$ cat protein.txt   # compact mmCIF, C-alpha atoms
# COMPACT_ATOMS: atom_id res chain seq x y z
CA MET T 145 0.00 0.00 0.00
CA LYS T 146 2.80 2.40 0.83
CA THR T 147 4.52 1.67 -2.49
CA LYS T 148 1.38 2.51 -4.49
CA MET T 149 0.82 5.80 -2.68
CA MET T 150 4.33 7.19 -3.21
CA PRO T 151 3.94 8.28 -6.93
CA LEU T 152 0.73 10.14 -6.07
CA PHE T 153 2.41 11.82 -3.11
CA ARG T 154 5.35 12.91 -5.28
CA SER T 155 2.97 14.34 -7.93
CA VAL T 156 1.14 16.44 -5.35
CA ALA T 157 4.43 17.63 -3.90
CA ASN T 158 5.68 18.64 -7.35
CA LEU T 159 2.45 20.56 -8.10
CA SER T 160 2.81 22.46 -4.83
CA LEU T 161 6.14 23.85 -6.10
CA ILE T 162 4.64 25.38 -9.28
CA PRO T 163 3.55 28.71 -7.69
CA ALA T 164 7.01 29.19 -6.19
CA VAL T 165 8.71 28.42 -9.52
CA CYS T 166 6.40 30.83 -11.39
CA LEU T 167 7.06 33.63 -8.93
CA ALA T 168 10.80 33.09 -9.19
CA ALA T 169 10.63 33.19 -12.98
CA GLY T 170 8.36 36.22 -13.06
CA CYS T 171 5.42 34.41 -14.71
CA GLY T 172 3.28 35.04 -11.64
CA THR T 173 3.35 38.83 -12.10
CA PRO T 174 -0.15 39.98 -13.14
CA LYS T 175 -0.62 42.40 -16.01
CA GLU T 176 -1.81 45.88 -15.16
CA LYS T 177 -5.59 46.04 -15.48
CA PRO T 178 -7.29 48.63 -17.73
CA LEU T 179 -8.65 51.88 -16.33
CA PHE T 180 -12.36 52.73 -16.18
CA SER T 181 -14.17 55.87 -15.09
CA ARG T 182 -17.52 56.99 -13.70
CA GLY T 183 -19.15 60.14 -12.40
CA TRP T 184 -18.06 61.50 -9.02
CA VAL T 185 -19.38 64.20 -6.68
CA GLY T 186 -17.65 63.19 -3.43
CA GLY T 187 -18.79 62.57 0.12
CA GLN T 188 -19.98 59.71 2.29
CA VAL T 189 -23.73 59.23 2.46
CA LYS T 190 -26.34 57.26 4.38
CA LEU T 191 -30.02 56.57 3.76
CA VAL T 192 -32.30 58.01 6.48
CA LYS T 193 -36.04 57.83 7.04
CA ASN T 194 -36.45 60.06 10.10
CA TYR T 195 -36.47 63.84 9.73
CA PRO T 196 -36.53 67.11 11.67
CA LYS T 197 -40.04 68.38 12.43
CA SER T 198 -39.50 71.40 10.20
CA LEU T 199 -39.14 69.24 7.07
CA ILE T 200 -42.60 69.23 5.50
CA PRO T 201 -43.72 67.31 3.51
CA ARG T 202 -41.76 64.31 4.71
CA PRO T 203 -40.17 62.17 1.98
CA ASN T 204 -40.20 58.38 1.93
CA GLY T 205 -36.41 58.47 2.17
CA ALA T 206 -33.51 60.90 1.85
CA ILE T 207 -29.72 60.83 1.66
CA LEU T 208 -27.74 62.24 4.59
CA LEU T 209 -24.31 63.63 3.73
CA THR T 210 -22.23 62.29 6.63
CA ALA T 211 -18.72 63.34 5.48
CA LEU T 212 -17.42 65.64 2.76
CA ALA T 213 -13.89 66.74 1.87
CA THR T 214 -13.39 70.31 0.66
CA ASN T 215 -11.82 69.39 -2.70
CA THR T 216 -14.94 67.67 -4.10
CA PRO T 217 -17.61 68.73 -6.61
CA ALA T 218 -20.31 68.60 -3.92
CA ALA T 219 -18.38 70.94 -1.61
CA ALA T 220 -17.59 73.31 -4.49
CA ALA T 221 -21.35 73.55 -5.17
CA GLY T 222 -22.04 74.62 -1.58
CA LEU T 223 -23.11 71.34 0.02
CA ARG T 224 -21.89 70.59 3.54
CA GLU T 225 -21.69 67.70 5.98
CA GLY T 226 -25.08 67.21 7.62
CA ASP T 227 -27.07 68.30 4.56
CA LEU T 228 -30.02 66.12 3.65
CA ILE T 229 -30.24 65.45 -0.11
CA LEU T 230 -33.85 65.22 -1.21
CA ALA T 231 -33.63 65.19 -5.02
CA LEU T 232 -31.22 64.81 -7.94
CA ASP T 233 -32.12 66.41 -11.25
CA HIS T 234 -35.54 67.33 -9.77
CA GLN T 235 -36.32 63.67 -9.02
CA PRO T 236 -36.72 62.43 -5.39
CA VAL T 237 -33.93 60.16 -4.13
CA GLU T 238 -35.40 57.71 -1.66
CA LYS T 239 -32.92 54.84 -1.96
CA LEU T 240 -29.13 54.56 -2.07
CA ARG T 241 -28.74 52.40 -5.17
CA PRO T 242 -30.61 54.76 -7.55
CA PHE T 243 -28.68 57.66 -5.98
CA ARG T 244 -25.35 55.94 -6.72
CA ARG T 245 -26.37 54.88 -10.23
CA LYS T 246 -27.46 58.39 -11.15
CA ILE T 247 -24.10 59.87 -10.17
CA ASP T 248 -22.04 57.00 -11.64
CA SER T 249 -23.67 57.51 -15.04
CA LEU T 250 -22.75 61.21 -15.28
CA ALA T 251 -20.09 62.34 -17.73
CA PRO T 252 -17.43 64.71 -16.29
CA GLY T 253 -18.61 68.31 -16.56
CA THR T 254 -22.32 67.43 -16.41
CA SER T 255 -24.36 69.88 -14.33
CA LEU T 256 -26.52 68.07 -11.78
CA PRO T 257 -29.32 70.01 -10.01
CA VAL T 258 -29.49 69.01 -6.32
CA THR T 259 -32.22 69.83 -3.80
CA ALA T 260 -31.11 69.66 -0.17
CA TYR T 261 -32.37 70.52 3.32
CA ARG T 262 -30.27 72.41 5.89
CA ASP T 263 -31.17 74.21 9.14
CA GLY T 264 -34.89 74.31 8.42
CA LYS T 265 -34.58 75.48 4.82
CA ILE T 266 -34.84 73.82 1.41
CA MET T 267 -32.07 74.91 -0.95
CA ASP T 268 -31.11 74.24 -4.55
CA CYS T 269 -27.60 74.03 -5.97
CA THR T 270 -25.86 72.69 -9.05
CA VAL T 271 -23.05 70.16 -8.75
CA VAL T 272 -20.61 69.80 -11.67
CA ALA T 273 -19.78 66.11 -11.86
CA GLY T 274 -16.13 65.11 -11.68
CA ARG T 275 -14.41 61.91 -12.77
CA GLU T 276 -13.47 58.89 -10.66
CA THR T 277 -10.91 56.56 -12.27
CA TYR T 278 -10.64 52.96 -11.12
CA ARG T 279 -9.49 49.45 -11.91
CA LYS T 280 -11.69 46.43 -11.41
CA GLY T 281 -10.41 44.00 -8.82
CA GLY T 282 -11.28 41.44 -6.20
CA MET T 283 -10.10 39.79 -3.02
CA PHE T 284 -9.89 36.22 -1.75
CA THR T 285 -9.64 35.52 1.98
CA ILE T 286 -9.35 32.35 4.04
CA PHE T 287 -10.60 32.53 7.62
CA PHE T 288 -9.61 30.29 10.51
CA PRO T 289 -11.37 28.72 12.37
CA GLY T 290 -14.18 29.94 10.09
CA ILE T 291 -16.60 32.72 9.22
CA VAL T 292 -18.82 33.82 12.07
CA GLY T 293 -21.89 35.83 11.15
CA GLN T 294 -25.53 36.41 11.99
CA TRP T 295 -28.42 34.60 10.38
CA ASN T 296 -30.06 36.58 7.59
CA LEU T 297 -32.59 34.42 5.77
CA TRP T 298 -34.25 37.08 3.62
CA PRO T 299 -32.50 39.60 1.31
CA HIS T 300 -33.80 43.13 1.86
CA GLY T 301 -32.83 46.79 1.63
CA ASP T 302 -30.76 48.72 -0.88
CA TYR T 303 -27.84 46.31 -0.57
CA PRO T 304 -29.41 42.92 0.19
CA GLY T 305 -27.66 39.91 1.63
CA LEU T 306 -28.35 36.32 2.59
CA SER T 307 -26.48 34.57 5.38
CA LEU T 308 -26.56 31.01 6.65
CA VAL T 309 -23.48 31.83 8.76
CA ALA T 310 -21.10 29.58 6.81
CA LEU T 311 -22.72 30.32 3.45
CA GLY T 312 -24.03 33.59 2.07
CA TYR T 313 -23.54 36.78 0.11
CA GLN T 314 -23.71 40.52 0.70
CA MET T 315 -24.20 43.30 -1.82
CA ASN T 316 -22.28 46.43 -0.85
CA ASP T 317 -21.15 49.66 -2.52
CA ALA T 318 -22.76 51.80 0.19
CA HIS T 319 -19.36 53.09 1.30
CA ARG T 320 -17.16 54.78 -1.30
CA ALA T 321 -13.49 55.65 -0.85
CA GLU T 322 -12.64 59.37 -0.77
CA LEU T 323 -9.06 60.09 -1.81
CA GLY T 324 -9.32 63.63 -0.39
CA SER T 325 -10.16 62.48 3.13
CA VAL T 326 -7.62 62.96 5.91
CA GLU T 327 -7.19 59.20 6.30
CA ARG T 328 -6.59 58.54 2.61
CA GLN T 329 -4.17 61.46 2.26
CA TYR T 330 -2.17 60.06 5.17
CA HIS T 331 -2.01 56.58 3.59
CA ALA T 332 -1.01 58.12 0.24
CA LYS T 333 2.00 59.74 1.91
CA CYS T 334 3.01 56.37 3.31
CA ASP T 335 2.47 54.46 0.05
CA PRO T 336 1.47 56.36 -3.14
CA ASP T 337 0.60 53.06 -4.85
CA ASP T 338 -1.88 52.02 -2.15
CA HIS T 339 -5.22 52.50 -3.94
CA PRO T 340 -8.27 52.06 -1.69
CA TYR T 341 -10.63 49.20 -2.41
CA SER T 342 -14.39 49.83 -2.71
CA GLU T 343 -16.33 46.58 -2.45
CA ASP T 344 -19.29 45.87 -4.75
CA TYR T 345 -20.25 42.50 -3.32
CA ARG T 346 -18.84 39.51 -1.47
CA PHE T 347 -19.83 35.90 -0.91
CA TRP T 348 -18.49 33.20 1.33
CA ILE T 349 -18.62 29.46 1.84
CA GLY T 350 -17.01 27.68 4.76
CA ILE T 351 -13.69 29.33 5.55
CA MET T 352 -13.36 31.05 2.13
CA GLU T 353 -14.59 34.53 1.22
CA PHE T 354 -14.53 36.18 -2.22
CA SER T 355 -15.28 39.80 -3.04
CA LYS T 356 -15.40 41.96 -6.16
CA GLY T 357 -14.92 45.70 -6.28
CA LYS T 358 -12.87 48.61 -7.55
CA ARG T 359 -9.42 50.01 -6.81
CA ILE T 360 -9.82 53.80 -6.84
CA VAL T 361 -6.92 55.40 -8.73
CA ALA T 362 -7.96 59.08 -9.02
CA GLN T 363 -10.80 61.51 -8.31
CA GLN T 364 -10.75 64.74 -10.31
CA LEU T 365 -12.80 67.90 -10.57
CA ALA T 366 -14.07 68.92 -14.00
CA ASP T 367 -15.13 72.14 -15.70
CA ALA T 368 -18.80 72.54 -16.54
CA ALA T 369 -19.67 71.39 -20.04
CA ASN T 370 -20.89 74.05 -22.45
$ encode --input "protein.txt" --output "structure tokens"
Amino acid sequence: MKTKMMPLFRSVANLSLIPAVCLAAGCGTPKEKPLFSRGWVGGQVKLVKNYPKSLIPRPNGAILLTALATNTPAAAAGLREGDLILALDHQPVEKLRPFRRKIDSLAPGTSLPVTAYRDGKIMDCTVVAGRETYRKGGMFTIFFPGIVGQWNLWPHGDYPGLSLVALGYQMNDAHRAELGSVERQYHAKCDPDDHPYSEDYRFWIGIMEFSKGKRIVAQQLADAAN
């Protein structure tokens, strides 16, 4: 029995050396991925459904601007942290995914009318969309002793997910990286090639987790289109 198992054992051992050989020869070096772009206005946002008493009529949902760097299209248009965004292009925004899709689809220089609420007043401003440049990417993680999560048996919300603890998926994209934030500027000083990762979705099975997202390369202001 031992004699029969030895050839198989040697084959497995030889296969385990292939990654090391490829890395040494340079064949394991991945090619640089192509660049893509989408519309960008800046800021971190969150969906809210409770409002100050002075906001009448009350919408079904609105977008709270929770963080905003100064060098962003939204800040240049006069928006501030704490503003409540009620409409884009004169259309109510009551969910995060349509809000994101609307901005992502904008060409740089496009003028976007925004209706917002601040300190008891409704205000209108125009945001000139900038450009966010990114590369598509993903991540693979192995956990030990395993993935620990909460049960979630029914997908719901803007970014739904399903979790059976050791098996599930989660849509994301709610949080976007801001290169102009204090944290990102600090990391850029430490490593200019460290591009932040914005996750689109992830799924896991057993001790393995996979995710797909975008590596943000640049965020740029743009002049208004004629």
$ atom_distance --input "protein.txt" --atom1 "atom CA of Asp335 of chain T" --atom2 "atom CA of Trp184 of chain T"
23.5 Å
$ atom_distance --input "protein.txt" --atom1 "atom CA of Gly205 of chain T" --atom2 "atom CA of Gly226 of chain T"
15.3 Å
$ closest_residue --input "protein.txt" --among "T:Ile286, T:Ser255, T:Arg275, T:Pro178" --to "Ala221 of chain T" --atoms "all atoms listed in the file"
T:Ser255
$ closest_atom_pairs --input "protein.txt" --of "segment 198-266 of chain T" --to "segment 308-327 of chain T" --cutoff "10 Å" --atoms "all atoms listed in the file" --output "CSV"
residue,atom,partner,partner_atom,distance
T:Ala211,CA,T:Ser325,CA,8.9
T:Leu212,CA,T:Ser325,CA,7.9
T:Ala213,CA,T:Ser325,CA,5.8
T:Thr214,CA,T:Gly324,CA,7.9
T:Asn215,CA,T:Gly324,CA,6.7
T:Thr216,CA,T:Gly324,CA,7.9
T:Leu240,CA,T:Ala318,CA,7.3
T:Arg241,CA,T:Ala318,CA,8.1
T:Arg244,CA,T:Ala318,CA,8.5
$ closest_residue --input "protein.txt" --among "T:Lys177, T:Lys280, T:His234, T:Arg346" --to "Pro304 of chain T" --atoms "all atoms listed in the file"
T:Arg346
$ atom_distance --input "protein.txt" --atom1 "atom CA of Ser342 of chain T" --atom2 "atom CA of Leu306 of chain T"
20.1 Å
$ closest_residue --input "protein.txt" --among "T:Leu223, T:Ala260, T:Met267, T:Ala206" --to "Pro242 of chain T" --atoms "all atoms listed in the file"
T:Ala206
$ closest_residue --input "protein.txt" --among "T:Ala369, T:Pro217, T:His339, T:Pro203" --to "Tyr278 of chain T" --atoms "only C-alpha atoms"
T:His339
$ closest_residue --input "protein.txt" --among "T:Val185, T:Asp338, T:Val237, T:Leu228" --to "Val271 of chain T" --atoms "only C-alpha atoms"
T:Val185
$ residues_around --input "protein.txt" --residues "Leu179 of chain T" --least-positions-apart "2" --cutoff "10 Å" --atoms "only C-alpha atoms" --output "list in words"
Glu176, Lys177, Ser181, Thr277, Tyr278, Arg279, Lys280, Arg359, Ile360 and Val361 of chain T
$ axis_aligned_box --input "protein.txt" --around "segment 180-193 of chain T" --padding-each-side "5 Å" --output "JSON"
{"center_x": -24.2, "center_y": 58.5, "center_z": -4.6, "size_x": 33.7, "size_y": 21.5, "size_z": 33.2}
$ residues_around --input "protein.txt" --residues "Met283 of chain T" --least-positions-apart "5" --cutoff "12 Å" --atoms "all atoms listed in the file" --output "ChimeraX atom specification"
/T:341-348,352-359
$ closest_residue --input "protein.txt" --among "T:Ala362, T:Pro257, T:Ile351, T:Gly305" --to "Phe284 of chain T" --atoms "only C-alpha atoms"
T:Ile351
